[in-house]
$ cat model09.txt   # compact mmCIF, C-alpha atoms
# COMPACT_ATOMS: atom_id res chain seq x y z
CA MET A 1 -72.87 91.72 -84.90
CA THR A 2 -72.74 91.82 -81.11
CA GLY A 3 -70.14 93.78 -79.17
CA PRO A 4 -67.82 90.81 -78.44
CA THR A 5 -68.08 89.69 -82.07
CA LEU A 6 -67.09 93.11 -83.40
CA ARG A 7 -64.26 93.39 -80.91
CA LEU A 8 -63.05 89.90 -81.87
CA LEU A 9 -63.01 90.94 -85.53
CA GLY A 10 -61.15 94.13 -84.59
CA VAL A 11 -58.51 92.17 -82.67
CA GLY A 12 -58.12 89.79 -85.60
CA LEU A 13 -57.61 92.66 -88.03
CA ALA A 14 -55.08 94.23 -85.64
CA ILE A 15 -53.14 90.96 -85.58
CA LEU A 16 -53.29 90.81 -89.38
CA ALA A 17 -51.82 94.34 -89.51
CA LEU A 18 -49.00 93.26 -87.19
CA VAL A 19 -48.25 90.23 -89.37
CA LEU A 20 -48.19 92.33 -92.53
CA ALA A 21 -45.78 94.74 -90.85
CA GLY A 22 -43.66 92.07 -89.15
CA PRO A 23 -41.08 91.33 -91.89
CA VAL A 24 -40.42 95.04 -92.44
CA VAL A 25 -40.18 95.69 -88.70
CA HIS A 26 -37.68 92.86 -88.35
CA ARG A 27 -35.47 93.96 -91.24
CA GLN A 28 -35.58 97.67 -90.44
CA LEU A 29 -35.75 97.79 -86.64
CA GLY A 30 -34.12 94.50 -85.62
CA ASP A 31 -34.76 91.54 -83.36
CA LEU A 32 -35.89 93.38 -80.23
CA ALA A 33 -38.55 95.33 -82.11
CA PHE A 34 -39.78 92.18 -83.80
CA GLY A 35 -39.80 90.32 -80.48
CA ALA A 36 -41.96 93.08 -78.98
CA LEU A 37 -44.31 92.82 -81.96
CA ALA A 38 -44.65 89.03 -81.57
CA ILE A 39 -45.20 89.26 -77.81
CA GLY A 40 -47.81 91.97 -78.41
CA GLN A 41 -49.49 89.64 -80.89
CA GLY A 42 -49.58 86.97 -78.21
CA ALA A 43 -51.26 89.36 -75.78
CA LEU A 44 -53.90 90.13 -78.41
CA VAL A 45 -54.53 86.41 -78.89
CA ILE A 46 -55.16 85.98 -75.15
CA TRP A 47 -57.67 88.84 -75.35
CA ALA A 48 -59.25 87.23 -78.42
CA ILE A 49 -59.87 83.99 -76.47
CA ARG A 50 -61.91 85.89 -73.91
CA LEU A 51 -63.85 87.79 -76.57
CA ALA A 52 -64.55 84.62 -78.58
CA ALA A 53 -65.96 82.90 -75.49
CA ARG A 54 -68.59 85.66 -75.19
CA ALA A 55 -69.47 85.88 -78.89
CA PRO A 56 -71.97 83.63 -80.74
CA GLU A 57 -70.01 80.45 -81.43
CA ARG A 58 -70.72 80.12 -85.16
CA ARG A 59 -69.84 83.73 -85.98
CA ALA A 60 -66.76 83.61 -83.76
CA LEU A 61 -65.51 80.46 -85.50
CA LEU A 62 -66.01 82.01 -88.93
CA ILE A 63 -64.01 85.07 -87.88
CA ILE A 64 -61.28 82.97 -86.25
CA LEU A 65 -60.81 80.67 -89.23
CA GLY A 66 -61.18 83.46 -91.79
CA ILE A 67 -58.56 85.65 -90.12
CA GLY A 68 -56.40 82.56 -89.60
CA ILE A 69 -56.39 81.89 -93.35
CA ALA A 70 -55.64 85.56 -94.07
CA LEU A 71 -52.67 85.49 -91.67
CA ARG A 72 -51.17 82.57 -93.55
CA LEU A 73 -51.81 84.05 -96.97
CA ALA A 74 -50.13 87.26 -95.82
CA LEU A 75 -46.84 85.38 -95.44
CA LEU A 76 -47.22 82.88 -98.29
CA PHE A 77 -44.92 84.72 -100.69
CA VAL A 78 -42.68 86.28 -98.02
CA ALA A 79 -39.23 84.67 -97.84
CA PRO A 80 -38.30 83.38 -94.36
CA HIS A 81 -36.47 86.09 -92.40
CA LEU A 82 -36.22 84.45 -88.98
CA SER A 83 -34.56 81.19 -90.04
CA SER A 84 -33.02 79.69 -93.17
CA ASP A 85 -33.97 76.08 -92.39
CA ALA A 86 -36.70 75.94 -95.05
CA PHE A 87 -34.13 76.44 -97.82
CA ARG A 88 -32.46 73.21 -96.75
CA TYR A 89 -35.83 71.45 -96.84
CA VAL A 90 -36.42 72.50 -100.44
CA TRP A 91 -32.86 71.56 -101.34
CA ASP A 92 -33.20 68.09 -99.81
CA GLY A 93 -36.38 67.53 -101.80
CA ARG A 94 -34.62 68.65 -104.95
CA VAL A 95 -31.65 66.34 -104.33
CA GLN A 96 -33.96 63.38 -103.79
CA GLY A 97 -35.78 64.27 -106.99
CA GLU A 98 -32.57 63.26 -108.78
CA TRP A 99 -32.59 59.99 -106.80
CA ILE A 100 -29.57 61.06 -104.77
CA ASN A 101 -29.46 60.20 -101.07
CA PRO A 102 -29.70 63.55 -99.18
CA TYR A 103 -27.35 62.20 -96.50
CA ARG A 104 -24.57 61.55 -99.02
CA TYR A 105 -23.29 65.01 -99.99
CA VAL A 106 -23.10 68.46 -98.45
CA PRO A 107 -24.91 71.03 -100.61
CA ALA A 108 -21.60 72.57 -101.71
CA ALA A 109 -20.32 69.25 -103.06
CA PRO A 110 -19.36 69.42 -106.76
CA GLU A 111 -21.59 66.42 -107.44
CA LEU A 112 -24.61 68.63 -106.74
CA ALA A 113 -23.48 71.70 -108.65
CA PHE A 114 -26.10 71.16 -111.36
CA LEU A 115 -28.90 71.67 -108.80
CA ARG A 116 -27.77 75.10 -107.62
CA ASP A 117 -29.85 78.19 -108.30
CA ALA A 118 -30.14 81.76 -107.07
CA ALA A 119 -33.38 81.28 -105.13
CA ILE A 120 -32.52 78.41 -102.76
CA TYR A 121 -28.87 77.39 -102.74
CA PRO A 122 -27.27 80.69 -101.53
CA PHE A 123 -29.43 80.66 -98.39
CA ILE A 124 -28.77 77.10 -97.21
CA ASN A 125 -27.11 77.06 -93.79
CA ARG A 126 -24.00 74.93 -93.22
CA ALA A 127 -23.90 74.25 -96.95
CA ASP A 128 -20.16 73.62 -97.12
CA TYR A 129 -19.66 71.26 -94.17
CA ALA A 130 -22.88 69.52 -93.05
CA VAL A 131 -25.03 66.89 -94.67
CA THR A 132 -28.68 67.16 -93.76
CA ILE A 133 -29.62 66.32 -90.19
CA TYR A 134 -33.35 65.90 -90.73
CA PRO A 135 -34.82 62.45 -90.03
CA PRO A 136 -36.29 60.16 -92.73
CA ALA A 137 -39.98 61.04 -92.36
CA ALA A 138 -39.10 64.70 -92.85
CA GLU A 139 -36.98 63.83 -95.87
CA ILE A 140 -39.81 61.80 -97.39
CA LEU A 141 -42.11 64.79 -96.97
CA PHE A 142 -39.57 67.09 -98.64
CA PHE A 143 -39.32 64.62 -101.52
CA LEU A 144 -43.09 64.37 -101.97
CA VAL A 145 -43.64 68.13 -101.88
CA GLY A 146 -40.78 68.62 -104.34
CA ARG A 147 -42.40 66.20 -106.77
CA ILE A 148 -45.49 68.42 -106.85
CA ALA A 149 -43.54 71.67 -107.20
CA ASP A 150 -40.12 73.00 -106.24
CA GLY A 151 -39.84 76.02 -103.97
CA LEU A 152 -40.84 77.60 -100.69
CA VAL A 153 -44.44 78.39 -101.66
CA PRO A 154 -45.35 74.73 -102.36
CA LEU A 155 -43.78 73.79 -99.03
CA LYS A 156 -45.86 76.40 -97.19
CA LEU A 157 -49.01 75.21 -98.96
CA ALA A 158 -48.26 71.64 -97.88
CA TYR A 159 -47.96 72.82 -94.29
CA PHE A 160 -51.24 74.70 -94.66
CA ALA A 161 -52.93 71.42 -95.63
CA LEU A 162 -51.37 69.72 -92.61
CA GLU A 163 -52.56 72.54 -90.37
CA VAL A 164 -56.12 71.74 -91.44
CA VAL A 165 -55.60 68.33 -89.83
CA THR A 166 -54.20 69.94 -86.69
CA VAL A 167 -57.15 72.31 -86.38
CA ALA A 168 -59.69 69.52 -86.99
CA VAL A 169 -58.10 67.35 -84.29
CA LEU A 170 -57.96 70.20 -81.79
CA LEU A 171 -61.59 71.18 -82.43
CA ASP A 172 -62.70 67.62 -81.72
CA LEU A 173 -60.58 67.41 -78.57
CA LEU A 174 -61.99 70.74 -77.33
CA ARG A 175 -65.52 69.40 -77.69
CA ARG A 176 -64.66 66.18 -75.91
CA ILE A 177 -63.13 67.87 -72.87
CA GLY A 178 -65.96 70.38 -72.61
CA GLN A 179 -64.04 73.49 -73.68
CA PRO A 180 -65.44 76.12 -76.08
CA VAL A 181 -64.37 75.34 -79.64
CA THR A 182 -63.60 79.05 -80.06
CA ARG A 183 -60.42 78.39 -78.08
CA ILE A 184 -58.99 77.27 -81.43
CA VAL A 185 -58.09 80.95 -81.84
CA ALA A 186 -55.15 80.17 -79.53
CA TYR A 187 -53.73 78.11 -82.40
CA ALA A 188 -55.05 79.94 -85.46
CA TRP A 189 -53.70 83.38 -84.45
CA HIS A 190 -50.81 82.48 -82.12
CA PRO A 191 -47.53 84.23 -83.03
CA LEU A 192 -45.52 81.02 -82.68
CA VAL A 193 -47.68 79.26 -85.25
CA ILE A 194 -47.91 82.20 -87.63
CA TRP A 195 -44.23 83.13 -87.67
CA GLU A 196 -42.67 79.67 -87.41
CA ILE A 197 -45.03 77.77 -89.73
CA ALA A 198 -46.60 80.26 -92.13
CA GLY A 199 -43.50 82.47 -92.05
CA SER A 200 -40.45 80.26 -91.61
CA ALA A 201 -41.98 76.97 -92.86
CA HIS A 202 -40.43 74.83 -90.14
CA ILE A 203 -40.81 71.06 -90.32
CA ASP A 204 -42.34 71.27 -86.84
CA ALA A 205 -45.63 72.02 -88.63
CA ALA A 206 -45.72 68.51 -90.04
CA MET A 207 -44.51 66.99 -86.77
CA LEU A 208 -47.24 68.82 -84.85
CA SER A 209 -49.98 67.69 -87.24
CA VAL A 210 -48.96 64.02 -87.22
CA MET A 211 -48.32 64.01 -83.46
CA ALA A 212 -51.75 65.56 -82.80
CA LEU A 213 -53.37 62.93 -84.99
CA GLY A 214 -51.59 60.17 -83.08
CA VAL A 215 -52.65 61.61 -79.73
CA TRP A 216 -56.25 61.82 -80.99
CA LEU A 217 -56.14 58.17 -82.05
CA ALA A 218 -54.90 57.22 -78.58
CA VAL A 219 -57.29 59.23 -76.41
CA VAL A 220 -60.42 59.30 -78.56
CA LYS A 221 -60.37 56.13 -80.66
CA ARG A 222 -58.31 54.06 -78.20
CA ARG A 223 -56.32 52.71 -81.15
CA LEU A 224 -53.09 52.57 -79.18
CA VAL A 225 -51.03 50.47 -81.59
CA LEU A 226 -51.98 52.63 -84.58
CA ALA A 227 -51.38 55.76 -82.49
CA ALA A 228 -47.87 54.54 -81.61
CA GLY A 229 -47.07 54.06 -85.29
CA VAL A 230 -48.37 57.52 -86.20
CA ILE A 231 -46.46 59.22 -83.38
CA ALA A 232 -43.32 57.32 -84.49
CA VAL A 233 -43.72 58.95 -87.92
CA ALA A 234 -43.96 62.34 -86.19
CA THR A 235 -40.80 61.50 -84.22
CA LEU A 236 -38.91 60.98 -87.47
CA MET A 237 -40.04 64.41 -88.54
CA LYS A 238 -38.85 65.99 -85.30
CA PRO A 239 -37.56 63.85 -82.41
CA LEU A 240 -39.39 65.94 -79.79
CA ALA A 241 -42.59 64.14 -80.82
CA ALA A 242 -41.24 61.05 -79.03
CA LEU A 243 -42.39 62.70 -75.80
CA ALA A 244 -45.96 61.85 -76.84
CA LEU A 245 -45.34 58.12 -77.31
CA PRO A 246 -46.26 57.09 -73.73
CA ILE A 247 -49.87 58.08 -74.36
CA ALA A 248 -50.07 55.07 -76.69
CA TRP A 249 -48.55 52.58 -74.25
CA LYS A 250 -50.30 50.35 -71.76
CA PRO A 251 -48.37 49.05 -68.75
CA TRP A 252 -46.47 45.90 -69.69
CA GLY A 253 -47.83 46.03 -73.23
CA TRP A 254 -45.38 45.28 -76.03
CA ARG A 255 -47.34 45.76 -79.26
CA ALA A 256 -47.35 49.57 -79.34
CA PRO A 257 -43.59 49.95 -78.63
CA ALA A 258 -42.85 47.19 -81.17
CA VAL A 259 -44.90 48.92 -83.85
CA ALA A 260 -43.22 52.25 -83.10
CA LEU A 261 -39.76 50.69 -83.46
CA GLY A 262 -40.86 48.89 -86.62
CA VAL A 263 -42.07 52.14 -88.20
CA VAL A 264 -38.77 53.83 -87.35
CA ALA A 265 -36.79 50.99 -88.92
CA LEU A 266 -39.00 50.98 -92.00
CA LEU A 267 -38.58 54.71 -92.60
CA TYR A 268 -34.79 54.44 -92.45
CA ILE A 269 -34.64 51.72 -95.13
CA PRO A 270 -34.75 54.06 -98.19
CA TYR A 271 -31.63 55.86 -96.93
CA LEU A 272 -29.46 52.91 -95.89
CA SER A 273 -27.16 53.30 -98.90
CA VAL A 274 -25.02 55.72 -96.88
CA GLY A 275 -25.00 53.58 -93.74
CA THR A 276 -24.05 55.58 -90.67
CA GLY A 277 -23.72 58.61 -92.94
CA MET A 278 -27.34 59.34 -92.04
CA PHE A 279 -26.00 60.53 -88.69
CA ALA A 280 -22.84 62.19 -89.98
CA PHE A 281 -23.68 65.66 -88.67
CA VAL A 282 -25.35 64.66 -85.41
CA HIS A 283 -22.16 64.98 -83.36
CA GLY A 284 -21.31 68.26 -85.04
CA TYR A 285 -24.76 69.60 -84.27
CA VAL A 286 -24.50 68.52 -80.62
CA GLN A 287 -21.21 70.41 -80.39
CA GLU A 288 -22.49 73.52 -82.20
CA GLU A 289 -25.54 73.78 -79.98
CA ALA A 290 -23.45 73.37 -76.80
CA LEU A 291 -25.30 70.19 -75.83
CA GLU A 292 -22.05 68.30 -75.40
CA SER A 293 -20.62 70.87 -73.01
CA GLY A 294 -23.92 71.26 -71.18
CA GLU A 295 -23.97 75.04 -71.73
CA ALA A 296 -27.18 74.66 -73.76
CA PHE A 297 -29.10 73.59 -70.65
CA TRP A 298 -30.18 76.77 -68.93
CA LEU A 299 -30.06 75.44 -65.38
CA VAL A 300 -26.57 74.00 -65.96
CA TRP A 301 -25.43 77.32 -67.39
CA LEU A 302 -26.96 79.24 -64.46
CA VAL A 303 -25.40 77.06 -61.76
CA THR A 304 -22.01 77.29 -63.48
CA ARG A 305 -22.21 81.08 -63.66
CA LEU A 306 -23.30 81.40 -60.03
CA PHE A 307 -21.01 78.85 -58.40
CA GLY A 308 -18.30 78.07 -60.93
CA PRO A 309 -17.61 74.72 -62.60
CA VAL A 310 -19.24 71.78 -60.84
CA PRO A 311 -17.72 68.38 -61.70
CA GLY A 312 -20.22 66.12 -63.42
CA LEU A 313 -22.94 68.78 -63.44
CA ARG A 314 -24.01 68.05 -67.02
CA THR A 315 -24.32 64.33 -66.28
CA ILE A 316 -26.24 64.97 -63.06
CA TYR A 317 -28.61 67.26 -64.93
CA ILE A 318 -29.23 64.79 -67.76
CA VAL A 319 -29.83 61.90 -65.34
CA ALA A 320 -32.20 63.99 -63.21
CA ALA A 321 -34.10 65.23 -66.26
CA ALA A 322 -34.35 61.70 -67.67
CA ALA A 323 -35.64 60.42 -64.32
CA LEU A 324 -38.30 63.12 -64.19
CA LEU A 325 -39.43 62.35 -67.73
CA LEU A 326 -39.53 58.63 -66.95
CA VAL A 327 -41.74 59.24 -63.92
CA LEU A 328 -44.10 61.44 -65.95
CA ALA A 329 -44.15 58.92 -68.81
CA LEU A 330 -44.99 56.02 -66.47
CA ARG A 331 -47.63 58.14 -64.76
CA LEU A 332 -49.21 58.73 -68.18
CA SER A 333 -48.90 55.13 -69.29
CA PHE A 334 -50.49 53.78 -66.12
CA ALA A 335 -53.37 56.23 -66.57
CA SER A 336 -54.44 54.62 -69.84
CA GLU A 337 -58.00 54.07 -68.55
CA GLU A 338 -58.57 57.64 -67.41
CA ASP A 339 -60.81 60.09 -69.26
CA ALA A 340 -59.46 62.06 -72.23
CA GLU A 341 -58.97 65.34 -70.35
CA SER A 342 -56.94 63.75 -67.54
CA ARG A 343 -54.69 61.89 -69.99
CA LEU A 344 -54.15 65.02 -72.08
CA ARG A 345 -53.23 67.03 -68.99
CA ARG A 346 -50.71 64.38 -67.99
CA LEU A 347 -49.29 64.46 -71.51
CA SER A 348 -49.06 68.24 -71.43
CA TRP A 349 -46.84 68.07 -68.34
CA LEU A 350 -44.62 65.41 -69.92
CA VAL A 351 -44.13 67.37 -73.14
CA PHE A 352 -43.58 70.63 -71.26
CA ALA A 353 -41.00 69.03 -68.95
CA GLY A 354 -39.16 67.53 -71.91
CA VAL A 355 -38.97 70.80 -73.82
CA PHE A 356 -38.06 72.85 -70.76
CA ALA A 357 -35.34 70.37 -69.79
CA LEU A 358 -33.87 70.62 -73.29
CA SER A 359 -33.79 74.43 -73.01
CA PRO A 360 -33.89 75.06 -76.77
CA GLY A 361 -32.54 78.38 -77.95
CA TYR A 362 -34.99 78.55 -80.84
CA PRO A 363 -38.66 79.53 -80.52
CA TRP A 364 -39.97 76.95 -82.98
CA TYR A 365 -38.99 74.07 -80.70
CA TYR A 366 -41.89 75.13 -78.50
CA LEU A 367 -44.46 74.40 -81.21
CA CYS A 368 -45.06 70.93 -79.75
CA LEU A 369 -46.69 72.70 -76.77
CA MET A 370 -49.35 74.35 -78.93
CA PRO A 371 -52.06 71.66 -78.60
CA PHE A 372 -51.96 72.10 -74.83
CA VAL A 373 -52.02 75.89 -75.07
CA VAL A 374 -55.30 75.47 -76.96
CA LEU A 375 -56.78 72.79 -74.70
CA PHE A 376 -55.78 74.12 -71.29
CA GLY A 377 -54.25 77.60 -71.62
CA SER A 378 -51.99 77.16 -68.59
CA PRO A 379 -49.81 80.21 -67.82
CA HIS A 380 -46.51 78.31 -68.14
CA LEU A 381 -47.50 77.13 -71.63
CA TRP A 382 -48.32 80.67 -72.73
CA ALA A 383 -45.07 81.95 -71.24
CA ALA A 384 -42.98 79.31 -73.03
CA THR A 385 -44.63 79.79 -76.42
CA ILE A 386 -44.65 83.59 -76.43
CA ALA A 387 -41.52 84.57 -74.49
CA GLY A 388 -39.45 82.53 -76.97
CA TYR A 389 -39.40 85.63 -79.16
CA LEU A 390 -36.84 87.09 -76.80
CA LEU A 391 -34.34 84.56 -78.17
CA TYR A 392 -33.94 85.77 -81.76
CA ASN A 393 -30.63 87.23 -82.90
CA GLU A 394 -30.88 87.26 -86.69
CA VAL A 395 -30.41 90.88 -87.74
CA GLN A 396 -26.75 91.83 -87.70
CA GLY A 397 -25.78 95.19 -86.25
CA ASP A 398 -29.07 96.09 -84.55
CA PRO A 399 -29.13 97.15 -80.89
CA GLU A 400 -28.93 93.87 -79.03
CA VAL A 401 -29.26 92.63 -75.48
CA ALA A 402 -26.88 89.81 -74.57
CA PHE A 403 -28.37 86.37 -75.22
CA TRP A 404 -27.91 85.22 -71.63
CA ILE A 405 -30.09 88.10 -70.44
CA ARG A 406 -32.83 87.36 -72.97
CA ASP A 407 -32.64 83.62 -72.30
CA GLY A 408 -32.75 84.24 -68.57
CA ALA A 409 -35.76 86.55 -68.92
CA MET A 410 -37.62 83.88 -70.86
CA ASN A 411 -36.87 81.12 -68.36
CA LEU A 412 -37.74 83.34 -65.42
CA ALA A 413 -41.06 84.13 -67.11
CA VAL A 414 -41.75 80.41 -67.41
CA PHE A 415 -40.73 79.76 -63.79
CA GLY A 416 -42.96 82.61 -62.64
CA ALA A 417 -45.86 81.20 -64.62
CA LEU A 418 -45.25 77.76 -63.09
CA VAL A 419 -45.48 79.26 -59.62
CA TRP A 420 -48.71 80.99 -60.60
CA THR A 421 -50.08 77.70 -61.96
CA ALA A 422 -49.17 75.93 -58.71
CA LEU A 423 -50.74 78.61 -56.51
CA ARG A 424 -53.98 78.57 -58.49
CA ALA A 425 -54.06 74.77 -58.30
CA ARG A 426 -53.79 74.94 -54.51
CA THR A 427 -56.81 77.21 -54.37
CA GLY A 428 -58.79 74.83 -56.56
CA ARG A 429 -58.66 77.02 -59.67
CA PRO A 430 -57.56 75.48 -62.98
CA GLY A 431 -54.59 77.77 -63.55
CA GLU A 432 -55.70 78.79 -67.01
CA GLY A 433 -54.22 81.99 -68.25
CA ALA A 434 -56.71 82.66 -70.99
CA GLY A 435 -60.12 81.58 -69.88
$ encode --input "model09.txt" --output "C-alpha cells"
Amino acid sequence: MTGPTLRLLGVGLAILALVLAGPVVHRQLGDLAFGALAIGQGALVIWAIRLAARAPERRALLIILGIGIALRLALLFVAPHLSSDAFRYVWDGRVQGEWINPYRYVPAAPELAFLRDAAIYPFINRADYAVTIYPPAAEILFFLVGRIADGLVPLKLAYFALEVVTVAVLLDLLRRIGQPVTRIVAYAWHPLVIWEIAGSAHIDAAMLSVMALGVWLAVVKRRLVLAAGVIAVATLMKPLAALALPIAWKPWGWRAPAVALGVVALLYIPYLSVGTGMFAFVHGYVQEEALESGEAFWLVWLVTRLFGPVPGLRTIYIVAAAALLLVLALRLSFASEEDAESRLRRLSWLVFAGVFALSPGYPWYYLCLMPFVVLFGSPHLWAATIAGYLLYNEVQGDPEVAFWIRDGAMNLAVFGALVWTALRARTGRPGEGAG
C-alpha cells in the first residue's frame, strides 16, 4: 500500500474507534463530550477526503466502503441514545400490522395495550398525548419493515439497504460532474450519517435515499415527471424533501407538479379513515417546537434578544424566507437546460437556504444537505452538518452550556463559512472546504 492509502486506512480505523466509543462517551461523559467526539470525527473525514484523492482509486474505494460498512455494523445492535424517534417508528409499524390506523390512537390508549412490550413501548416519546406525526410514505415504510420483522435492528437494516441506493446515486453523480469518486467518503464516514442513520435510525435516511434518486432522475435521465413523483414520495417521508421538487419542474410546465400532487393524494388514501386526525398533532408540534411563536427561528430569536419584541417580526421573517426560497426555486426551474453540475449547485443553495431558514434544533434535519457535501464540499455545508452536534441536550445532569450559546455558536460557524465561501468565489476559487 502507498503512503496515502495506509494513512486513509488509519484514519478510517480511528473513526471506527470513535464510533465504538461514542455511546459510552455519551452516557458517561455527557452531551458536550459526545459533541466534541462527533466534531472530531468530522475533522477526520475532511482529512480522509484529501488522503483518498491521492490514493489509488480502486484501493481507496475498497477501504472507504469497507470501513463504512464496519461503522454501520458497529451500531447495529446499539439502542439509540441520541433520540427516541425510532421507537415510535417501530410502534407505528406494529400498530399497522394489526390493521389499525396509526393516526387514530396515542400509544398509551387502552385500545393498544395488547401491543405494549418492554423493548419499544417504554421509550416512545409523547406516548400519552400525541398521535404519530409522520407522513404516509414514512408510515408505509414502517408497516413494510414491520411485516418482515419487528424491532430496531430490522429498521436499521432497511435503512442500510436504502443507503446503498444513496451511495450508488452519489457515485454516479460524482463521475458525471468530474469529481473523484473517492469523495463518497464524505457520506460513508460522516458523523451526521453514522450517528443519525446507523445510530438513531431516523426516517431521514429513507427520505435522503428517495430524494437523491429523484434528483438523479431529473438531472441525469431528464425524466422530470417521474422525478417529481419520486421526490413527492420523499416529501411524505420528511417534508424537507419538498425543497428538491423544483429540479423536476420546467417553466410553465404542469405535468410534473400535477404528478407530485397526485402522488401525495394517493399516499394519503390508506389513512383517510381518521379524516383530519392525520394532522391531529401538527399544531401541538408547531407549538412545542416554538415555530408558532417564532422563537425557533434563530434570526428572529437573535433580533428579539438584541432589540426587544418587534411587532410582526415572525411574519416578516417567514415572508422574507419564503420569497428567498421562491427566487431560488424559480432560478433552478428556469435552468432546466443547464448541465448537471450547474443544476445541482443551484439545488444545493435552495436546500441549504430552506434548512437554514427553518433553523432546526436537531442535527438530523441537516441530513438533506449530505448529497451536496459529497458533491461540492462547500464550507457552509460542512459547518451545518458537523456543528449540529453542539445542539444535543439528552443526558440529564451533565455539565451543560445553555442552548442559546450552543445554537448561536453553530449558526455563527455557518455564517462564517458562508463568508469564506463568498470570498473564495470572488477570487475565482470554488470554495470547497475538503478538496
$ residues_near_point --input "model09.txt" --point "(-51.9, 57.6, -80.8)" --cutoff "10 Å" --atoms "all atoms listed in the file" --output "MDAnalysis selection string"
chainID A and resid 210:232 244:249 256
$ atom_distance --input "model09.txt" --atom1 "CA of His202 (chain A)" --atom2 "CA of Leu61 (chain A)"
26.1 Å
$ atom_distance --input "model09.txt" --atom1 "CA of Leu306 (chain A)" --atom2 "CA of Trp404 (chain A)"
13.1 Å
$ atom_distance --input "model09.txt" --atom1 "CA of Ala119 (chain A)" --atom2 "CA of Phe281 (chain A)"
24.7 Å
$ closest_residue --input "model09.txt" --among "A:Thr166, A:Gln41, A:Thr304, A:Gln28" --to "His190 (chain A)" --atoms "all atoms listed in the file"
A:Gln41
$ residues_around --input "model09.txt" --residues "region 107-116 of chain A" --least-positions-apart "3" --cutoff "12 Å" --atoms "all atoms listed in the file" --output "VMD selection string"
chain A and resid 87 to 104 119 to 132 150
$ residues_around --input "model09.txt" --residues "region 299-301 of chain A" --least-positions-apart "4" --cutoff "8 Å" --atoms "only C-alpha atoms" --output "MDAnalysis selection string"
chainID A and resid 294:295 305 313:314 317
$ residues_around --input "model09.txt" --residues "Ile46 (chain A)" --least-positions-apart "2" --cutoff "10 Å" --atoms "only C-alpha atoms" --output "ChimeraX atom specification"
/A:41-44,48-51,183,185-186,189-190,377,382,433-435
$ residues_around --input "model09.txt" --residues "Phe160 (chain A)" --least-positions-apart "4" --cutoff "10 Å" --atoms "all atoms listed in the file" --output "MDAnalysis selection string"
chainID A and resid 69 72:73 76 154:156 164:166 197:198 201 205:206
$ residues_around --input "model09.txt" --residues "region 341-344 of chain A" --least-positions-apart "4" --cutoff "7 Å" --atoms "all atoms listed in the file" --output "count of residues only"
4
$ closest_residue --input "model09.txt" --among "A:Leu302, A:Leu71, A:Trp254, A:Tyr271" --to "Leu13 (chain A)" --atoms "only C-alpha atoms"
A:Leu71
$ closest_residue --input "model09.txt" --among "A:Leu32, A:Ala258, A:Leu423, A:Val310" --to "Arg406 (chain A)" --atoms "all atoms listed in the file"
A:Leu32
$ closest_residue --input "model09.txt" --among "A:Ile203, A:Ala137, A:Ala188, A:Met370" --to "Leu266 (chain A)" --atoms "all atoms listed in the file"
A:Ala137
$ closest_residue --input "model09.txt" --among "A:Arg54, A:Arg176, A:Arg27, A:Lys238" --to "Cys368 (chain A)" --atoms "all atoms listed in the file"
A:Lys238
